[in-house]
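Here the structure is laid out as structure tokens; the discussion comes afterwards.
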Amino acid sequence: MHITILKNLFANFLQVRRMTRHFSRRVMLDSVVRTGVGREAPGALSRNLAAAALEDRDALLARLGSHIDGLTERQAEAIRARVGLNEVGHEKPMSWWRHLWHCYCNPFNLLLTLLTAISWWTDDLEAVTVIGTMVALSTVLRFWQEARSSRAADALKALVGNTATVVRRASAADAAPQAEAYFGVSLAVAPPRGVEVPVRMLVPGDVVRLAAGDMVPADCRVLSAKDLFVAQAAMTGESLPVEKFAVHSDASVRNPLELDDILLMGTNVVSGSAAAVVLGTGDGTYFGVLAGRVQAVDRGPTAFQAGVNRVSWLLIRFMLVMAPLVLLINGYTKGDWGEALLFALSVAVGLTPEMLPMIATSTLAKGAVALSRRKVVVKRLDAIQNLGAMDVLCTDKTGTLTEDRIVLERHADAWGETSDRVLELAWLNSRHQTGLRNLLDEAVLARAGSGGAPGLAAAYAKVDEIPFDFERRRMSVVVADADGRHLLITKGAVEEVLQACDRVLHDGAEAPLTPGRLARVRAVASALNDEGLRVVAVAYREPEPARGAYGVADERGLVLAGTIAFLDPPKASTPEALAALAAHGVAVKVLTGDNERVAAKVCRDVGLAPRGVLLGGDVENMDDAALAEAVASHDVFARLTPAHKERIVRLLKAGGHVVGFLGDGINDAPALRAADVGISVDTAVDIAREAADVILLEKSLMVLEAGVTEGRRTFANMLKYIKMTASSNFGNVFSVLVASAFIPFLPMLPIHLLVQNLLYDVSQAAIPFDRVDEEQVRRPQRWQPGEIGRFMLFFGPVSSVFDILTFAMMWFVFGAGTPARQTLFQSGWFVVGLLTQTLVVHMIRTAKVPFVQSRAAWPLLAMTGVIMAAGLFLPMGPLAPGLRLQALPPLYFALLPLILLGYMGLTQWMKGFYVRRWGWQ
């Protein structure tokens with residue numbers, strides 16, 4: 001059966017590997033920077049970047065030992081020797097033997113190993129075989145599954161070699177060697193020029209050239225820029241690119257992500273070009289500090305690890321008390337201390353749920369296979385149960401709640417009324433501009449269609465273009481109609497376009513842009529901004545006389561046509577997914593680096609009514625006690641830094657929640673590491689995938705909801721085994737104590753206990769494949785040792801009642817009350833004990849009536865039937881003498897069904913009382 005599981009795992013993860021080859025490759029950001037002075041704290045690095053943003057250009061270059069024409073090769077080599085390569089330290093994979101030890105090392109495996117050693121010392125080879133097999137199977141199965149999951153996750157990484165364009169100048173001493181090294185020609189003079197070097201070779205002081213499509217290779221200060229747009233989504237989660245300049249405009253802004261002239265490693269250039277000087281490399285970059293923070297984070301035990309350890313020690317303490325008690329009572333009453341020791345050892349083995357590691361691993365492995373079919377790769381098996389126990393999901397906004405693309409949401413006149421004329425003008429502007437189209441232009445063209453309104457493309461021809469620049473913050477195109485009349489169309493930031501307007505289009509007529517009308521226009525634009533929309537104004541005029549060339553001076557006397565507004569739209573599946581998560585008891589909190597208006601707007605659109613929005617600045621100013629209260633009462637957190645996200649996750653965990661975090665950016669990595677279960681996606685940056693426990697092949701909350709329900713099914717099946725084992729073992733020990741006190745021989749031999757325990761364990765091997773009632777997946781489930789202890793004390797004595805009835809039956813009905821007839825007594829109890837222990841799983845696997853309202857899966861039913869048949873066969877068949885059993889009389893088999901039916905009836909009645917009093921987990 002377990003071979004089948006492993007074959008399925010292998011087949012499914014090969015399928016995952018094939019699927020991932022079709023996904024877009026991402027640049028591997030798995031390199032950070034060494035500064036030679038050690039890793040800086042985030043606060044210190046932020047202050048240094050803010051200071052560099054305001055520093056005079058020449059003074060900054062002098063401080064770095066650089067020049068506007070860059071470093072010489074010799075200077076770069078000297079600095080590299082001091083600070084190291086431009087690489088980020090990352091978590092090293094665990095060696096195979098450490099991984100194997102990690103899979104073996106848990107309280108039960110250690111205890112079982114001790115019992116195996118004692119059994120070997122006492123020549124109890126049956127116990128050695130049974131216990132050793134359980135330990136080996138659970139350890140190897142866990143090792144194999146986690147190793148395959150890790151390899152599947154590694155297959156998602158695209159290792160791409162990256163280069164940067166660096167300006168190198170030549171000194172008189174090394175001009176010729178440098179020129180020859182780079183160009184293969186010896187020159188007397190080598191002027192500064194751009195050369196391609198591996199990113200890992202960059203050093204502080206290098207001057208780099210950046211263009212559209214380039215990844216920013218290190219933390220840099222912009223020296224010059226032209227139309228520079230940078231995407232910072234990996235850092236902030238904000239969909240739209242941000243503008244960068246050669247100077248920082250607001251000295252009060254200190255957040256590195258908001259500095260106008262600072263570029264951070266891991267972001268990328270969307271459009272424009274720039275020259276920049278490298279400030280920090282490797283572990284000395286903002287990204288490097290985050291990577292170091294992820295590695296330095298001691299995530300501590302997850303909810304699963306802490307829970308299973310508490311349950312393990314509860315059962316171990318119970319065994320450590322009861323086994324010595326059995327030894328003392330039997331040694332004192334029977335006088336044979338050697339036989340009493342073997343019997344007590346057998347009881348200890350029986351009391352220890354040795355199948356728990358194997359059942360847990362098998363169940364988790366089955367869950368991993370099921371999740372892989374649902375586009376979920378599980379890197380660490382424990383994460384499956386943590387998904388089921390999760391009651392708070394913290395998620396970013398972009399690409400999770402939204403589609404991670406910009407769409408044109410509205411096209412309206414100056415009064416906010418929908419206007420097709422505004423859309424036509426915006427389409428003509430976007431269609432005919434020749435600069436690099438940004439996401440807004442693509443959204444306009446997509447909304448109107450490739451041809452615009454019917455006949456619009458054919459009706460106008462382009463005449464000229466006035467390109468965008470960051471001083472005007474607008475751009476214009478001039479088109480001509482069939483009659484030769486020219487039309488200048490301007491699109492840009494609202495205030496900058498309004499400065500060039502003196503009229504406004506209203507009800508199809510042009511009217512003067514009076515102060516009252518201007519205030520009205522601004523109010524409409526502000527209302528759209530409050531809804532989280534990015535607003536762009538559209539204006540036009542018909543220049544007279546028409547000519548062939550136009551310039552910035554022609555952007556005057558415009559007529560404001562209206563505005564177009566953009567939004568990253570919510571996914572259609574998001575409201576349904578949020579409703580499903582809420583129905584399963586999972587609260588969703590949005591943690592984003594984007595602005596609060598956009599975040600609140602998206603939340604409202606997907607049906608997540610936020611109880612309040614907390615900003616990163618507020619988080620910064622709160623102590624842990626105040627923030628813990630705020631975290632509990634707020635659902636949306638905006639303008640957050642990575643440290644803020646991590647802190648919020650930790651405070652939620654400290655408040656008793658099992659926390660999941662879904663993110664894919666560099667800024668999400670610390671929070672992914674701190675969460676009970678970190679969830680990322682296959683297209684995430686490497687540092688996020690490395691920190692995650694679960695990787696989604698589709699960034700969708702619906703996929704995650706499937707993972708939550710699968711985690712709860714997995715946990716419910718593990719809990720069945722623990723409840724069944726704890727209650728059954730407690731009942732058996734109680735029965736042994738009663739029998740040992742009054743019966744002049746051992747109620748069961750050590751070999752009987754071991755065989756019974758082995759058969760009982762085999763019957764439970766099918767539990768991972770059992771069905772789970774829907775009621776058990778509706779709420780978060782977690783380990784509750786107190787609940788298990790109460791369950792054990794409540795249901796254990798039920799089996800003891802029928803054990804004692806069996807003792808009485810064997811003593812009084814069949815006369816098996818003397819040492820001479822002890823084999824008959826032991827055979828009778830062997831059968832009853834095995835059958836009741838095998839049936840108990842069906843009684844406690846559900847709160848409903850077993851076999852009627854809730855039926856087990858066929859593998860469990862089949863295994864139950866096989867083991868019960870084996871239990872009846874052993875005393876009656878040829879193996880009986882070797883096992884020191886004997887055939888039972890026909891009357892026994894007539895009374896046996898009454899005992900079993902009575903046991904099932906009383907258990908069901910007690911279960912009803914228990915459910916009404918304490919509920920059912």
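Simple scheme: letters A, B, ... for chains in structure tokens order, numbers from 1 for residues in each chain, numbers from 1 for ligands in the order shown.
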Picked from stretch 581-731 of chain A by DSSP as strand (DSSP E), as a VMD selection string
chain A and resid 587 to 591 613 to 615 636 to 638 659 to 662 677 to 681 694 to 696
Fewer than 5 positions away in the same chain doesn't count, so skip those; otherwise give me all residues within 8 Å of stretch 479-482 of chain A, counting only C-alpha atoms, as JSON, numbers by chain.
{"A": [459, 460, 461, 462, 463, 464, 487, 488]}
Using only N, CA and C atoms, please write the residues we just selected to a file, as a compact mmCIF listing (two decimals), in the first residue's frame.
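Result saved to again.txt:
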```
# COMPACT_ATOMS: atom_id res chain seq x y z
N ALA A 459 -10.23 56.77 -39.92
CA ALA A 459 -10.66 58.17 -40.06
C ALA A 459 -9.53 59.16 -39.75
N TYR A 460 -8.50 58.73 -39.04
CA TYR A 460 -7.44 59.66 -38.64
C TYR A 460 -6.08 59.10 -38.99
N ALA A 461 -5.17 59.99 -39.36
CA ALA A 461 -3.78 59.64 -39.63
C ALA A 461 -2.88 60.50 -38.74
N LYS A 462 -1.79 59.91 -38.29
CA LYS A 462 -0.90 60.64 -37.39
C LYS A 462 -0.12 61.72 -38.15
N VAL A 463 0.01 62.91 -37.48
CA VAL A 463 0.77 64.03 -38.03
C VAL A 463 2.07 64.22 -37.25
N ASP A 464 1.97 64.29 -35.92
CA ASP A 464 3.15 64.56 -35.10
C ASP A 464 2.89 64.08 -33.68
N LEU A 487 -6.11 67.61 -35.15
CA LEU A 487 -6.65 67.51 -33.79
C LEU A 487 -5.50 67.12 -32.86
N LEU A 488 -5.22 67.98 -31.88
CA LEU A 488 -4.19 67.71 -30.88
C LEU A 488 -4.87 67.09 -29.66
```
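Checking A:Trp121, A:Trp415, A:Phe229, A:Phe791 one by one against A:Gly919, counting only C-alpha atoms, you find the shortest gap at A:Phe791.
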Between A:Ser419, A:Thr641, A:Asn529, A:Asn429, which has the minimum distance to A:Met235 (counting only C-alpha atoms)?
A:Thr641
Find the spatial neighbours of stretch 884-893 of chain A, counting only C-alpha atoms, within a cut-off of 10 Å - ignore same-chain residues fewer than 3 positions away - and output them as a count of residues only.
29
12 Å contact set for A:Pro747, only C-alpha atoms, chain neighbours under 4 positions out, as JSON, numbers by chain
{"A": [326, 330, 334, 340, 343, 347, 732, 733, 735, 736, 737, 738, 739, 740, 741, 742, 743, 751, 752, 753, 803, 804, 806, 807, 810, 811, 816, 817, 818, 819, 821, 822, 823, 824, 825, 826, 827, 828, 829, 830, 833]}
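Considering only C-alpha atoms, the residue among A:Val444, A:Leu861, A:Ala231, A:Ala251 positioned nearest to A:Leu54 is A:Ala251.
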Neighbouring residues of stretch 688-704 of chain A were defined as those with any atom within 8 Å, considering only C-alpha atoms; residues of the same chain fewer than 4 positions away were excluded. Please report them as a VMD selection string.
chain A and resid 20 91 153 294 374 to 380 383 399 to 401 573 to 574 576 to 578 663 to 666 668 to 670 672 to 673 677 to 682 684 708
Neighbouring residues of A:Arg541 were defined as those with any atom within 12 Å, considering only C-alpha atoms; residues of the same chain fewer than 3 positions away were excluded. Please report them as a ChimeraX atom specification.
/A:425,476-479,485-490,500-505,510,538,544-546,554-561
What gap, in Å, lies between atom CA of A:Arg712 and atom CA of A:Asn667?
29.5 Å
All helix (DSSP H, G or I) residues (DSSP, backbone) inside stretch 772-888 of chain A, as an NGL selection string
:A and (774-777 or 785-813 or 819-844 or 858-876)
Long-range neighbours of A:Gly865 as an mmCIF file with N, CA and C atoms, in the first residue's frame, 12 Å cut-off, only C-alpha atoms, 6 positions minimum in chain:
```
data_model
loop_
_atom_site.group_PDB
_atom_site.id
_atom_site.type_symbol
_atom_site.label_atom_id
_atom_site.label_comp_id
_atom_site.auth_asym_id
_atom_site.auth_seq_id
_atom_site.Cartn_x
_atom_site.Cartn_y
_atom_site.Cartn_z
ATOM 1 N N LEU A 759 -1.611 -6.938 14.717
ATOM 2 C CA LEU A 759 -2.811 -7.039 13.883
ATOM 3 C C LEU A 759 -3.650 -5.771 13.975
ATOM 4 N N TYR A 760 -3.748 -5.254 15.168
ATOM 5 C CA TYR A 760 -4.521 -4.028 15.384
ATOM 6 C C TYR A 760 -3.909 -2.865 14.597
ATOM 7 N N VAL A 762 -2.023 -3.123 11.884
ATOM 8 C CA VAL A 762 -2.232 -3.357 10.453
ATOM 9 C C VAL A 762 -3.630 -2.923 10.045
ATOM 10 N N SER A 763 -4.601 -3.143 10.913
ATOM 11 C CA SER A 763 -5.984 -2.766 10.579
ATOM 12 C C SER A 763 -6.139 -1.259 10.422
ATOM 13 N N GLN A 764 -5.234 -0.500 11.061
ATOM 14 C CA GLN A 764 -5.345 0.956 11.000
ATOM 15 C C GLN A 764 -4.549 1.561 9.838
ATOM 16 N N LEU A 834 -9.141 -8.091 20.459
ATOM 17 C CA LEU A 834 -8.777 -7.704 19.103
ATOM 18 C C LEU A 834 -9.986 -7.193 18.325
ATOM 19 N N LEU A 835 -11.125 -7.867 18.465
ATOM 20 C CA LEU A 835 -12.308 -7.465 17.696
ATOM 21 C C LEU A 835 -12.860 -6.116 18.163
ATOM 22 N N THR A 838 -10.550 -3.403 16.955
ATOM 23 C CA THR A 838 -10.653 -3.188 15.512
ATOM 24 C C THR A 838 -11.932 -2.445 15.158
ATOM 25 N N LEU A 839 -13.018 -2.746 15.899
ATOM 26 C CA LEU A 839 -14.294 -2.085 15.613
ATOM 27 C C LEU A 839 -14.357 -0.660 16.127
ATOM 28 N N HIS A 842 -14.459 2.451 13.835
ATOM 29 C CA HIS A 842 -15.717 2.777 13.169
ATOM 30 C C HIS A 842 -16.668 3.511 14.116
ATOM 31 N N TRP A 858 -13.917 2.085 1.602
ATOM 32 C CA TRP A 858 -13.807 0.632 1.418
ATOM 33 C C TRP A 858 -12.460 0.057 1.871
ATOM 34 N N PRO A 859 -11.304 0.763 1.732
ATOM 35 C CA PRO A 859 -10.065 0.152 2.238
ATOM 36 C C PRO A 859 -10.116 -0.114 3.734
ATOM 37 N N GLY A 871 -8.318 -12.629 13.513
ATOM 38 C CA GLY A 871 -8.463 -12.801 14.951
ATOM 39 C C GLY A 871 -9.266 -14.042 15.313
ATOM 40 N N LEU A 872 -10.272 -14.345 14.518
ATOM 41 C CA LEU A 872 -11.067 -15.547 14.757
ATOM 42 C C LEU A 872 -10.319 -16.811 14.333
#
```
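With only C-alpha atoms as the basis for measurement, A:Ile466 is the residue among A:Leu608, A:Ile466, A:Leu263, A:Met475 that approaches A:Tyr550 most closely.
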Check the smallest atom-to-atom distance from each of A:Asp219, A:Glu542, A:Lys571, A:Gly416 to A:Ala527 using only C-alpha atoms, then report the winner.
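Of the candidates, the smallest distance to A:Ala527 is held by A:Gly416.
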Report the distance between atom CA of A:Thr395 and atom CA of A:Leu662 in Å, rounded to one decimal place.
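So the answer is 4.7 Å.
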